[in-house]
Structures are given as structure tokens and as C-alpha cells.
>>> print(open('structure-v6.csv').read())   # CSV, C-alpha atoms
chain,number,residue,atom,x,y,z
A,1,MET,CA,0.0,0.0,0.0
A,2,GLN,CA,1.4,3.4,-1.0
A,3,PHE,CA,-0.5,6.7,-1.3
A,4,THR,CA,-0.2,10.5,-0.9
A,5,ILE,CA,-2.9,12.6,0.7
A,6,LEU,CA,-3.6,16.2,1.8
A,7,LYS,CA,-3.1,16.6,5.5
A,8,GLU,CA,-6.3,18.6,5.8
A,9,ASN,CA,-8.4,15.8,4.3
A,10,LEU,CA,-6.8,13.1,6.4
A,11,SER,CA,-7.0,15.1,9.6
A,12,ARG,CA,-10.6,15.9,9.2
A,13,GLY,CA,-11.4,12.3,8.4
A,14,LEU,CA,-9.6,10.9,11.4
A,15,ASN,CA,-11.5,13.4,13.6
A,16,TYR,CA,-14.8,12.0,12.3
A,17,VAL,CA,-14.0,8.3,12.9
A,18,GLU,CA,-11.9,8.4,16.1
A,19,LYS,CA,-14.6,9.4,18.5
A,20,ILE,CA,-16.0,5.9,18.9
A,21,THR,CA,-12.6,4.3,19.7
A,22,GLY,CA,-10.2,4.3,22.6
A,23,LYS,CA,-12.5,2.6,25.1
A,24,ASN,CA,-11.8,-1.1,24.5
A,25,LEU,CA,-9.2,-2.9,26.6
A,26,VAL,CA,-10.3,-6.4,25.7
A,27,LEU,CA,-9.9,-6.1,21.9
A,28,PRO,CA,-7.1,-3.6,21.2
A,29,ILE,CA,-7.8,-3.7,17.5
A,30,LEU,CA,-11.1,-1.8,18.2
A,31,ASN,CA,-8.8,1.2,19.1
A,32,ASN,CA,-7.4,1.1,15.6
A,33,VAL,CA,-8.6,2.7,12.3
A,34,LEU,CA,-8.6,0.5,9.3
A,35,LEU,CA,-6.9,2.3,6.4
A,36,SER,CA,-8.0,0.9,3.0
A,37,ALA,CA,-6.6,2.4,-0.2
A,38,GLU,CA,-8.3,1.6,-3.5
A,39,LYS,CA,-8.5,3.5,-6.7
A,40,ASN,CA,-8.4,7.2,-5.8
A,41,ILE,CA,-10.0,6.8,-2.3
A,42,LEU,CA,-8.6,6.2,1.1
A,43,LYS,CA,-11.2,4.7,3.4
A,44,LEU,CA,-11.0,5.3,7.2
A,45,ILE,CA,-13.1,2.7,9.2
A,46,THR,CA,-13.6,2.4,12.9
A,47,THR,CA,-16.1,0.4,15.0
A,48,ASP,CA,-17.0,-0.3,18.6
A,49,LEU,CA,-19.1,-3.3,17.6
A,50,GLU,CA,-22.3,-1.3,18.0
A,51,VAL,CA,-21.5,1.5,15.6
A,52,ALA,CA,-19.2,1.6,12.6
A,53,ILE,CA,-18.1,4.8,10.8
A,54,ILE,CA,-16.7,4.8,7.3
A,55,HIS,CA,-15.2,8.0,5.9
A,56,ARG,CA,-13.7,8.4,2.5
A,57,CYS,CA,-10.9,10.8,1.5
A,58,MET,CA,-9.7,11.7,-1.9
A,59,ALA,CA,-6.0,10.5,-2.3
A,60,LYS,CA,-3.4,9.6,-4.9
A,61,ILE,CA,-3.2,5.8,-4.6
A,62,GLU,CA,0.0,4.3,-6.0
A,63,THR,CA,-0.5,0.8,-4.6
A,64,GLU,CA,-3.7,-0.6,-3.1
A,65,GLY,CA,-3.8,-2.3,0.3
A,66,GLU,CA,-5.0,-2.0,3.9
A,67,ILE,CA,-3.7,-2.0,7.5
A,68,THR,CA,-5.0,-1.0,10.9
A,69,ILE,CA,-3.2,1.7,12.9
A,70,PRO,CA,-3.9,3.0,16.5
A,71,VAL,CA,-6.2,5.9,15.6
A,72,ARG,CA,-5.3,8.3,18.4
A,73,VAL,CA,-1.6,7.9,17.7
A,74,LEU,CA,-2.1,8.6,14.0
A,75,SER,CA,-4.5,11.5,14.5
A,76,THR,CA,-2.4,13.3,17.1
A,77,PHE,CA,0.8,12.9,15.0
A,78,ILE,CA,-0.9,14.1,11.7
A,79,ASN,CA,-2.3,17.1,13.4
A,80,LEU,CA,1.2,18.2,14.5
A,81,LEU,CA,2.7,18.1,11.0
A,82,ASP,CA,3.3,21.2,9.0
A,83,ASP,CA,3.2,19.5,5.6
A,84,GLN,CA,0.3,20.0,3.2
A,85,LYS,CA,0.9,16.7,1.6
A,86,ILE,CA,1.9,13.5,3.3
A,87,ASP,CA,3.3,10.3,1.8
A,88,PHE,CA,2.5,6.8,3.2
A,89,GLU,CA,3.9,3.4,2.5
A,90,LEU,CA,3.1,0.1,4.1
A,91,LYS,CA,5.9,-2.4,4.7
A,92,THR,CA,5.2,-5.6,6.7
A,93,LYS,CA,2.6,-4.2,9.1
A,94,THR,CA,4.5,-1.0,9.6
A,95,LEU,CA,3.2,2.3,8.1
A,96,PHE,CA,6.0,4.6,7.0
A,97,VAL,CA,5.0,8.3,7.1
A,98,SER,CA,7.1,10.9,5.4
A,99,GLY,CA,7.0,14.7,4.8
A,100,LYS,CA,9.5,17.4,4.1
A,101,ASN,CA,11.1,17.3,7.5
A,102,ASN,CA,10.1,14.0,9.1
A,103,LYS,CA,10.3,10.3,8.6
A,104,THR,CA,8.1,8.2,10.9
A,105,GLN,CA,7.2,4.5,11.4
A,106,ILE,CA,3.9,3.5,13.0
A,107,LYS,CA,3.3,-0.2,13.8
A,108,GLY,CA,-0.1,-1.6,13.0
A,109,LEU,CA,-2.2,-4.8,13.2
A,110,ASP,CA,-3.3,-7.0,10.3
A,111,SER,CA,-6.5,-5.9,8.7
A,112,LYS,CA,-7.7,-9.5,8.7
A,113,ASP,CA,-8.3,-9.3,12.4
A,114,PHE,CA,-10.5,-6.2,12.1
A,115,PRO,CA,-14.2,-6.9,12.6
A,116,ILE,CA,-16.4,-7.3,9.5
A,117,ILE,CA,-18.5,-4.2,8.9
A,118,PRO,CA,-22.1,-5.3,8.1
A,119,LYS,CA,-23.4,-4.4,4.6
A,120,ILE,CA,-26.9,-3.1,4.2
A,121,GLU,CA,-29.1,-3.6,1.2
A,122,GLU,CA,-29.9,-0.3,-0.5
A,123,ASN,CA,-33.5,-1.2,-1.4
A,124,GLU,CA,-35.3,0.8,1.2
A,125,TRP,CA,-34.3,4.4,1.9
A,126,ILE,CA,-35.3,7.9,2.6
A,127,GLU,CA,-33.4,11.2,1.9
A,128,ILE,CA,-33.5,14.0,4.3
A,129,ASN,CA,-31.8,17.3,4.9
A,130,SER,CA,-28.6,16.8,7.0
A,131,ALA,CA,-28.9,20.0,9.0
A,132,ALA,CA,-32.6,19.4,9.9
A,133,LEU,CA,-31.9,15.8,10.9
A,134,CYS,CA,-28.9,16.7,13.1
A,135,GLU,CA,-30.9,19.6,14.8
A,136,GLY,CA,-33.8,17.2,15.4
A,137,VAL,CA,-31.6,14.6,17.0
A,138,SER,CA,-29.9,17.2,19.2
A,139,GLN,CA,-33.2,18.5,20.4
A,140,VAL,CA,-34.4,15.1,21.8
A,141,ILE,CA,-31.3,12.9,22.5
A,142,ASP,CA,-30.8,14.2,26.1
A,143,PHE,CA,-34.2,12.9,27.1
A,144,SER,CA,-33.5,9.2,26.6
A,145,SER,CA,-33.0,7.0,29.6
A,146,ILE,CA,-29.5,6.4,31.0
A,147,THR,CA,-30.5,3.2,33.0
A,148,GLN,CA,-30.8,-0.2,31.5
A,149,ALA,CA,-34.0,-1.2,33.3
A,150,ARG,CA,-35.9,-0.7,30.0
A,151,PRO,CA,-33.4,-0.9,27.1
A,152,GLU,CA,-35.9,0.4,24.6
A,153,LEU,CA,-35.9,3.8,26.4
A,154,THR,CA,-32.1,4.1,26.3
A,155,GLY,CA,-32.2,4.9,22.6
A,156,VAL,CA,-33.8,7.3,20.2
A,157,TYR,CA,-37.0,6.2,18.4
A,158,PHE,CA,-37.5,7.0,14.7
A,159,LEU,CA,-41.0,6.7,13.3
A,160,ILE,CA,-41.3,7.2,9.5
A,161,SER,CA,-44.8,7.7,8.2
A,162,GLY,CA,-45.9,9.3,5.0
A,163,ASN,CA,-43.4,12.0,4.2
A,164,GLN,CA,-42.4,12.8,7.8
A,165,ILE,CA,-40.0,11.3,10.3
A,166,LYS,CA,-40.6,11.7,14.0
A,167,ILE,CA,-37.6,11.5,16.3
A,168,VAL,CA,-38.6,10.7,19.9
A,169,ALA,CA,-36.8,10.1,23.2
A,170,THR,CA,-38.1,9.6,26.7
A,171,ASP,CA,-37.0,8.5,30.2
A,172,SER,CA,-40.6,8.0,31.4
A,173,PHE,CA,-40.6,11.3,33.3
A,174,ARG,CA,-40.4,13.5,30.2
A,175,LEU,CA,-40.6,13.0,26.5
A,176,ALA,CA,-39.5,15.0,23.4
A,177,GLU,CA,-40.7,14.6,19.8
A,178,LYS,CA,-39.3,16.4,16.7
A,179,THR,CA,-41.1,16.1,13.4
A,180,ILE,CA,-39.2,16.6,10.1
A,181,ASN,CA,-40.3,16.4,6.5
A,182,PHE,CA,-38.0,14.4,4.2
A,183,THR,CA,-37.5,15.0,0.5
A,184,GLN,CA,-37.9,11.6,-1.1
A,185,ALA,CA,-38.0,7.9,-0.6
A,186,SER,CA,-37.2,4.7,-2.4
A,187,ASP,CA,-41.0,3.9,-2.5
A,188,LYS,CA,-43.4,6.4,-4.0
A,189,LYS,CA,-46.2,4.9,-1.8
A,190,PRO,CA,-46.6,6.1,1.8
A,191,PHE,CA,-43.5,5.0,3.7
A,192,GLU,CA,-43.9,3.2,7.1
A,193,LYS,CA,-40.9,2.3,9.2
A,194,SER,CA,-39.9,2.5,12.9
A,195,PHE,CA,-36.7,1.6,14.8
A,196,ILE,CA,-34.7,2.5,17.9
A,197,ILE,CA,-31.1,3.6,17.6
A,198,PRO,CA,-28.7,3.5,20.6
A,199,ARG,CA,-28.1,6.9,22.3
A,200,ASN,CA,-24.3,6.9,21.5
A,201,ALA,CA,-25.0,6.2,17.8
A,202,THR,CA,-27.3,9.1,17.5
A,203,ARG,CA,-24.7,11.4,19.0
A,204,GLU,CA,-22.3,10.2,16.3
A,205,ILE,CA,-24.9,11.1,13.7
A,206,VAL,CA,-24.5,14.8,14.8
A,207,ASN,CA,-20.7,14.6,15.1
A,208,LEU,CA,-20.4,13.1,11.6
A,209,PHE,CA,-23.0,14.8,9.5
A,210,GLY,CA,-23.6,18.1,11.5
A,211,GLY,CA,-21.2,20.2,9.4
A,212,LEU,CA,-21.4,18.5,6.0
A,213,GLY,CA,-24.5,20.2,4.7
A,214,GLY,CA,-26.7,18.9,1.9
A,215,ASN,CA,-28.8,15.7,2.2
A,216,ILE,CA,-28.2,12.3,3.6
A,217,LYS,CA,-29.8,9.0,2.9
A,218,ILE,CA,-31.0,6.5,5.5
A,219,TYR,CA,-31.0,2.8,4.6
A,220,PHE,CA,-32.8,0.1,6.6
A,221,SER,CA,-32.5,-3.5,7.4
A,222,SER,CA,-34.1,-5.7,10.0
A,223,ASN,CA,-31.4,-5.1,12.7
A,224,GLN,CA,-29.2,-2.3,11.2
A,225,VAL,CA,-29.6,1.2,9.9
A,226,MET,CA,-27.1,3.2,7.8
A,227,PHE,CA,-26.8,7.0,7.4
A,228,GLU,CA,-24.9,8.1,4.3
A,229,SER,CA,-23.6,11.4,2.8
A,230,ARG,CA,-22.1,11.5,-0.7
A,231,PHE,CA,-19.3,13.5,-2.4
A,232,SER,CA,-20.6,16.7,-4.0
A,233,GLU,CA,-18.1,16.4,-7.0
A,234,ILE,CA,-18.6,12.6,-7.7
A,235,ASP,CA,-21.6,10.3,-7.3
A,236,SER,CA,-20.1,8.2,-4.6
A,237,PRO,CA,-20.6,7.7,-0.8
A,238,GLN,CA,-18.4,9.9,1.4
A,239,SER,CA,-19.4,9.2,5.0
A,240,GLN,CA,-21.4,6.3,6.4
A,241,LEU,CA,-22.6,5.5,9.9
A,242,ILE,CA,-23.9,2.0,10.5
A,243,SER,CA,-25.6,1.2,13.8
A,244,ARG,CA,-27.3,-1.8,15.3
A,245,LEU,CA,-30.9,-1.4,16.4
A,246,ILE,CA,-32.2,-1.8,19.9
A,247,GLU,CA,-34.7,-4.6,20.2
A,248,GLY,CA,-38.0,-4.0,21.9
A,249,GLU,CA,-41.2,-2.1,21.5
A,250,PHE,CA,-41.1,1.7,22.1
A,251,PRO,CA,-44.1,2.9,24.2
A,252,ASN,CA,-47.2,4.1,22.4
A,253,TYR,CA,-46.4,7.6,23.6
A,254,GLN,CA,-49.1,9.3,21.5
A,255,GLU,CA,-51.7,8.0,23.9
A,256,ILE,CA,-50.3,10.3,26.7
A,257,VAL,CA,-50.2,13.4,24.6
A,258,PRO,CA,-52.9,15.6,26.0
A,259,LYS,CA,-55.6,16.7,23.5
A,260,GLU,CA,-57.1,19.4,25.8
A,261,PHE,CA,-55.7,21.7,28.5
A,262,LYS,CA,-57.3,23.3,31.5
A,263,THR,CA,-54.9,26.3,31.0
A,264,GLN,CA,-53.0,27.5,28.0
A,265,VAL,CA,-50.1,29.9,28.3
A,266,ASN,CA,-48.1,31.9,25.7
A,267,ILE,CA,-44.9,33.2,27.2
A,268,SER,CA,-41.5,34.7,26.3
A,269,GLN,CA,-39.0,31.9,25.9
A,270,GLU,CA,-36.2,34.2,27.2
A,271,GLN,CA,-38.1,35.4,30.3
A,272,LEU,CA,-39.4,31.9,31.2
A,273,GLN,CA,-35.9,30.5,30.9
A,274,LYS,CA,-34.4,33.2,33.2
A,275,SER,CA,-37.2,32.8,35.7
A,276,ILE,CA,-36.8,29.0,35.9
A,277,LYS,CA,-33.0,29.4,36.4
A,278,ALA,CA,-33.6,32.0,39.2
A,279,ALA,CA,-36.1,29.8,41.0
A,280,GLY,CA,-34.0,26.7,40.5
A,281,ILE,CA,-31.4,28.2,42.9
A,282,PHE,CA,-33.9,27.7,45.7
A,283,GLY,CA,-35.3,24.4,44.5
A,284,GLY,CA,-33.7,22.3,47.2
A,285,ARG,CA,-32.8,18.6,46.9
A,286,GLY,CA,-36.0,17.8,45.2
A,287,ASN,CA,-35.5,20.4,42.5
A,288,GLU,CA,-39.1,21.5,42.9
A,289,LEU,CA,-40.6,24.7,41.7
A,290,ILE,CA,-44.3,25.8,41.7
A,291,LEU,CA,-45.7,27.3,38.5
A,292,VAL,CA,-49.0,29.3,38.8
A,293,ALA,CA,-50.8,30.5,35.7
A,294,ASP,CA,-53.5,33.1,36.3
A,295,SER,CA,-55.6,34.4,33.4
A,296,LYS,CA,-57.0,37.3,35.5
A,297,LYS,CA,-53.6,38.7,36.3
A,298,GLY,CA,-52.2,37.8,32.9
A,299,GLN,CA,-49.1,36.3,34.4
A,300,VAL,CA,-47.2,33.2,35.4
A,301,ASP,CA,-45.7,33.1,38.9
A,302,ILE,CA,-42.7,30.8,39.4
A,303,SER,CA,-41.6,30.1,43.0
A,304,ALA,CA,-39.4,27.8,45.0
A,305,GLN,CA,-38.1,27.5,48.5
A,306,ASP,CA,-35.4,25.8,50.5
A,307,SER,CA,-35.3,25.6,54.3
A,308,GLU,CA,-31.6,26.2,54.3
A,309,ILE,CA,-31.1,28.7,51.5
A,310,GLY,CA,-34.3,30.8,51.3
A,311,GLU,CA,-37.1,31.3,48.8
A,312,THR,CA,-38.0,33.3,45.7
A,313,SER,CA,-41.0,34.2,43.5
A,314,VAL,CA,-40.7,35.5,40.0
A,315,SER,CA,-43.7,36.8,37.9
A,316,VAL,CA,-43.7,36.9,34.1
A,317,VAL,CA,-46.3,38.7,32.1
A,318,SER,CA,-48.0,36.2,29.8
A,319,LYS,CA,-51.1,35.4,27.8
A,320,VAL,CA,-53.1,33.0,29.9
A,321,VAL,CA,-56.4,31.3,28.8
A,322,GLY,CA,-58.4,29.0,31.0
A,323,ASP,CA,-58.5,28.1,34.7
A,324,LYS,CA,-56.1,29.4,37.2
A,325,THR,CA,-53.7,26.5,37.6
A,326,SER,CA,-50.9,25.6,40.0
A,327,VAL,CA,-48.5,22.8,39.2
A,328,CYS,CA,-45.2,21.5,40.6
A,329,PHE,CA,-42.4,20.6,38.2
A,330,ASN,CA,-38.8,19.4,38.6
A,331,HIS,CA,-37.0,22.7,37.7
A,332,LYS,CA,-34.2,21.0,35.8
A,333,PHE,CA,-36.6,18.9,33.6
A,334,LEU,CA,-38.7,22.0,32.9
A,335,LEU,CA,-35.6,24.1,32.0
A,336,ASP,CA,-34.4,21.3,29.7
A,337,GLY,CA,-37.6,21.4,27.7
A,338,VAL,CA,-37.7,25.2,27.5
A,339,MET,CA,-34.1,25.5,26.3
A,340,LYS,CA,-34.6,22.9,23.5
A,341,THR,CA,-37.7,24.7,22.2
A,342,ARG,CA,-37.0,27.1,19.3
A,343,GLY,CA,-38.6,30.5,18.9
A,344,LYS,CA,-39.1,33.7,20.9
A,345,GLU,CA,-42.5,32.5,22.3
A,346,ILE,CA,-43.4,29.3,24.0
A,347,PHE,CA,-46.8,27.6,24.3
A,348,MET,CA,-47.5,25.7,27.6
A,349,GLY,CA,-50.5,23.5,28.0
A,350,LEU,CA,-51.2,22.7,31.7
A,351,ASN,CA,-53.6,20.3,33.4
A,352,GLY,CA,-52.5,20.9,37.0
A,353,GLU,CA,-51.0,18.2,39.1
A,354,GLY,CA,-53.3,15.5,37.5
A,355,GLY,CA,-51.9,15.3,34.1
A,356,PRO,CA,-48.8,16.0,32.0
A,357,GLY,CA,-47.8,19.5,30.8
A,358,VAL,CA,-46.9,20.3,27.2
A,359,ILE,CA,-44.3,22.7,25.9
A,360,LYS,CA,-43.8,23.7,22.2
A,361,SER,CA,-43.0,26.6,20.1
A,362,GLY,CA,-45.7,29.3,19.9
A,363,ASN,CA,-45.2,29.5,16.2
A,364,THR,CA,-44.7,25.9,15.0
A,365,ASP,CA,-45.8,22.4,15.9
A,366,ASP,CA,-42.6,20.5,14.9
A,367,PHE,CA,-41.2,20.1,18.5
A,368,LEU,CA,-43.2,18.8,21.4
A,369,TYR,CA,-42.0,18.3,25.0
A,370,ILE,CA,-44.1,16.5,27.6
A,371,LEU,CA,-43.3,16.7,31.3
A,372,MET,CA,-45.0,14.9,34.2
A,373,PRO,CA,-45.7,17.1,37.2
A,374,ILE,CA,-44.6,16.3,40.7
A,375,LYS,CA,-47.6,15.5,42.9
A,376,SER,CA,-47.7,17.4,46.1
A,377,THR,CA,-47.9,15.4,49.3
>>> encode(input="structure-v6.csv", output="C-alpha cells")
Amino acid sequence: MQFTILKENLSRGLNYVEKITGKNLVLPILNNVLLSAEKNILKLITTDLEVAIIHRCMAKIETEGEITIPVRVLSTFINLLDDQKIDFELKTKTLFVSGKNNKTQIKGLDSKDFPIIPKIEENEWIEINSAALCEGVSQVIDFSSITQARPELTGVYFLISGNQIKIVATDSFRLAEKTINFTQASDKKPFEKSFIIPRNATREIVNLFGGLGGNIKIYFSSNQVMFESRFSEIDSPQSQLISRLIEGEFPNYQEIVPKEFKTQVNISQEQLQKSIKAAGIFGGRGNELILVADSKKGQVDISAQDSEIGETSVSVVSKVVGDKTSVCFNHKFLLDGVMKTRGKEIFMGLNGEGGPGVIKSGNTDDFLYILMPIKST
């Protein structure tokens, strides 16, 4: 194997693929990147056995071949070089790296020992805007469960129906749903598909595709899913993320989405966020705050108290319709939902302590946050 590549392209590619490595002490080869040179493409491949990332860089390939190299060693070393172009040559499991002022040898492991990356049939797919998908994932991912008591809640649920994809996460105390339209699909008929992707894999979707722009395709199989971007200058895959799916049935969450509210509030996102943060200082160990919406006063009062610190009450002018309502929320959970909601104005639907509260943008319905209240004792 012998090739020449621009430092900028290689460094960027290694940054994409190295994030899922470096955590495996049992199988050292999982801390390596598989370098595969063929035609005019250098493929960089890493995996943690749950997620695999493949990124392709344009390169001048003199001789084809492949080897696995410790990815952190290679990435750190390449970032410190001043050369614009770097030459590589493989000799008996050792990669020789040379530039204007350096000659370096990095020992590798045989590519035959690297795990086989699953291949996904490209029969079923949808195409979606990369920025919209990454923003949607970012809005919901923090609300998935971090405990393994219910594995299906530790991932992010994707529900594809018609020309929309809903991205959902819940830890059973709160739930977030983002709705995005996609541009096209492999089947012209209404598309129906659902699956659960592990939390870590969805984070890598944002890391890998967040800055690429354009569209990405999502391919499906019974137990795997693949996200793919393509080169803009040639019709060929550039970056791919392949993830296993979590088995299990995601809750029928739509049954708990309230259809009616005792009280409806339209309130400034900025003012509500500041008020929750201020009240949260006095929330105590239970992180509790009381929210009172009063249509006659046209305001929302947010209060909290702690026997050791003190107490506070903040009033925010709002548009309130319906009954006067008092409800207790976990201030951290409430703040999380408010901060993930886009727009200057927020809609809140409240049903007191007897039912879940709903938060969404006052201008759009593409993001929904549901939060269970804390019942007073």
C-alpha cells in the first residue's frame, strides 16, 4: 500500500472516525482505524461493535492495500505536522509516514483481524436534509433514559410515516418529539418504518454529519440502519454510519399526549428561561418549583423555597387562557424542555397536578415536550 494525501483531508477524516474508539481494553484492534486504499479513495473505518463509521478521503493511490493503525496515535501525529501533503507506504505491518522534515514509522495490526462491517441492502431508503436531521436529534437525545432497566428507552425512536419522520426520546418522566419532513424515498407509496437507535450512535450522527450540509440517505434492514452522505463532486458515498438497532417495543407515547388543556399559556422563551433558572437556585434537593398561571392577572408566577437557602418568587407577564392552575415541576426537567424549544415565544399546555404538561414553540408544531408534574404530598 502506497499513497499521498492532503493533511487537511486526512486530519478531518480521522477526527470524524476516532470518537468511537479508545475505550476497549479487551480487543485492542477496536482502538485502531482501518486504512483501506483503493483507486483514488482512502477509506477510514472504525467500530465499537455497536456503531461503525466509514469516511472516504480523496487521495493519490500508487498501490492498493490496507492496514489497521492506532487511531489516536495517527490522528495526534498528523495534526502536529506542517506538511500540506503526506506520503504513506506500508511495509510488513509498519506504516512509513514521510513529509518534508520527518520520517516516521507506526506499527499496525493485520486488517484480517478487524471486525467485518455489516453491509446493508440499499433497497429501502429515505433522503433528508442533513442539518434538519442533526438539529432534530440534538433536540431530543438528552431525554433518553440512562438506565438499562428498560433498554428500549435508552435509545432514540425513529418513526417514519408518509413524508415525515418523528424523532422521539423519553426516560418515562419527560418526552421530546421532533417532526421533520423528508425530501424523497425509495418507494413512492406512503412509507412506514420504525426503529430504535442507541443513544451513543445518535450522538455520532450529529458529530459526523452536522457540518457536512446537503442531504443524507437513511437505509434500513431488520437489525441495522445506515446513514450516508455523498461527495458533491462525484456520485459516490463519502461518510457512512452503520448502527445496530435496539430490540423491543417503544411505548405508544401518543396515547399520553394531551388533546385538551385546563390552562393555555403563551410566554416569552427568554423570560421563562431566566425565571426558571432563578427559581432553581432555591429548588432544594427535590429540584421542585411551583408554577401558577393566572388568566385574570395575565401572568405566570414561578416560585421555589429551600429551608436552608431561602425562597423566591418571579412573575412573568403572559397570555393565559383558562382556569387558574398551580403545578409543581422538577425545575431541571422544565428548564431542559424550554431550552430545547426554538422561537421567541413558548406555548405551555397545563392540566394541573393531575396530568402532563406540554411545551412547544408558539409558532410551529414541529417540536413537542411533555413533562410529568410532581404531585404534592
>>> atom_distance(input="structure-v6.csv", atom1="CA of Val97 (chain A)", atom2="CA of Leu109 (chain A)")
16.1 Å
>>> closest_residue(input="structure-v6.csv", among="A:Phe143, A:Phe114, A:Tyr369, A:Phe182", to="Ala169 (chain A)", atoms="all atoms listed in the file")
A:Phe143
>>> atom_distance(input="structure-v6.csv", atom1="CA of Thr325 (chain A)", atom2="CA of Val292 (chain A)")
5.6 Å
>>> atom_distance(input="structure-v6.csv", atom1="CA of Ile61 (chain A)", atom2="CA of Glu38 (chain A)")
6.7 Å
>>> closest_residue(input="structure-v6.csv", among="A:Asp336, A:Asp366, A:Asp83, A:Glu66", to="Leu175 (chain A)", atoms="all atoms listed in the file")
A:Asp336
>>> closest_residue(input="structure-v6.csv", among="A:Ile5, A:Ala278, A:Val321, A:Ile309", to="Ser295 (chain A)", atoms="all atoms listed in the file")
A:Val321
>>> closest_atom_pairs(input="structure-v6.csv", of="region 140-250 of chain A", to="region 41-47 of chain A", cutoff="12 Å", atoms="only C-alpha atoms", output="tab-separated table")
residue	atom	partner	partner_atom	distance
A:Ala201	CA	A:Thr47	CA	11.0
A:Glu204	CA	A:Thr47	CA	11.7
A:Phe231	CA	A:Ile41	CA	11.5
A:Ile234	CA	A:Ile41	CA	11.7
A:Ser236	CA	A:Ile41	CA	10.5
A:Pro237	CA	A:Lys43	CA	10.7
A:Gln238	CA	A:Lys43	CA	9.1
A:Ser239	CA	A:Lys43	CA	9.5
A:Gln240	CA	A:Ile45	CA	9.5
A:Leu241	CA	A:Thr47	CA	9.7
A:Ile242	CA	A:Thr47	CA	9.1
A:Ser243	CA	A:Thr47	CA	9.6
A:Arg244	CA	A:Thr47	CA	11.4
>>> build_atoms(input="structure-v6.csv", residues="region 98-112 of chain A", atoms="N, CA and C atoms", output="short mmCIF file (atom, residue, chain, number, x, y, z; two decimals), in the frame of the given file")
data_model
loop_
_atom_site.label_atom_id
_atom_site.label_comp_id
_atom_site.auth_asym_id
_atom_site.auth_seq_id
_atom_site.Cartn_x
_atom_site.Cartn_y
_atom_site.Cartn_z
N SER A 98 6.02 10.01 5.71
CA SER A 98 7.10 10.90 5.40
C SER A 98 6.57 12.25 4.86
N GLY A 99 7.25 13.33 5.30
CA GLY A 99 7.00 14.70 4.80
C GLY A 99 8.27 15.35 4.49
N LYS A 100 8.25 16.68 4.43
CA LYS A 100 9.50 17.40 4.10
C LYS A 100 10.54 17.24 5.15
N ASN A 101 10.12 17.29 6.42
CA ASN A 101 11.10 17.30 7.50
C ASN A 101 10.97 16.14 8.48
N ASN A 102 10.27 15.09 8.10
CA ASN A 102 10.10 14.00 9.10
C ASN A 102 10.00 12.66 8.33
N LYS A 103 10.44 11.63 9.02
CA LYS A 103 10.30 10.30 8.60
C LYS A 103 9.87 9.44 9.81
N THR A 104 8.70 8.85 9.75
CA THR A 104 8.10 8.20 10.90
C THR A 104 7.63 6.81 10.58
N GLN A 105 7.72 5.90 11.57
CA GLN A 105 7.20 4.50 11.40
C GLN A 105 6.15 4.30 12.49
N ILE A 106 4.97 3.80 12.09
CA ILE A 106 3.90 3.50 13.00
C ILE A 106 3.53 2.01 12.83
N LYS A 107 3.64 1.22 13.89
CA LYS A 107 3.30 -0.20 13.80
C LYS A 107 1.81 -0.42 13.84
N GLY A 108 1.35 -1.35 13.01
CA GLY A 108 -0.10 -1.60 13.00
C GLY A 108 -0.39 -3.09 13.20
N LEU A 109 -1.68 -3.43 13.05
CA LEU A 109 -2.20 -4.80 13.20
C LEU A 109 -2.80 -5.22 11.87
N ASP A 110 -2.76 -6.50 11.59
CA ASP A 110 -3.30 -7.00 10.30
C ASP A 110 -4.76 -6.71 10.15
N SER A 111 -5.12 -6.27 8.98
CA SER A 111 -6.50 -5.90 8.70
C SER A 111 -7.44 -7.11 8.76
N LYS A 112 -6.90 -8.32 8.62
CA LYS A 112 -7.70 -9.50 8.70
C LYS A 112 -8.37 -9.72 10.04
#
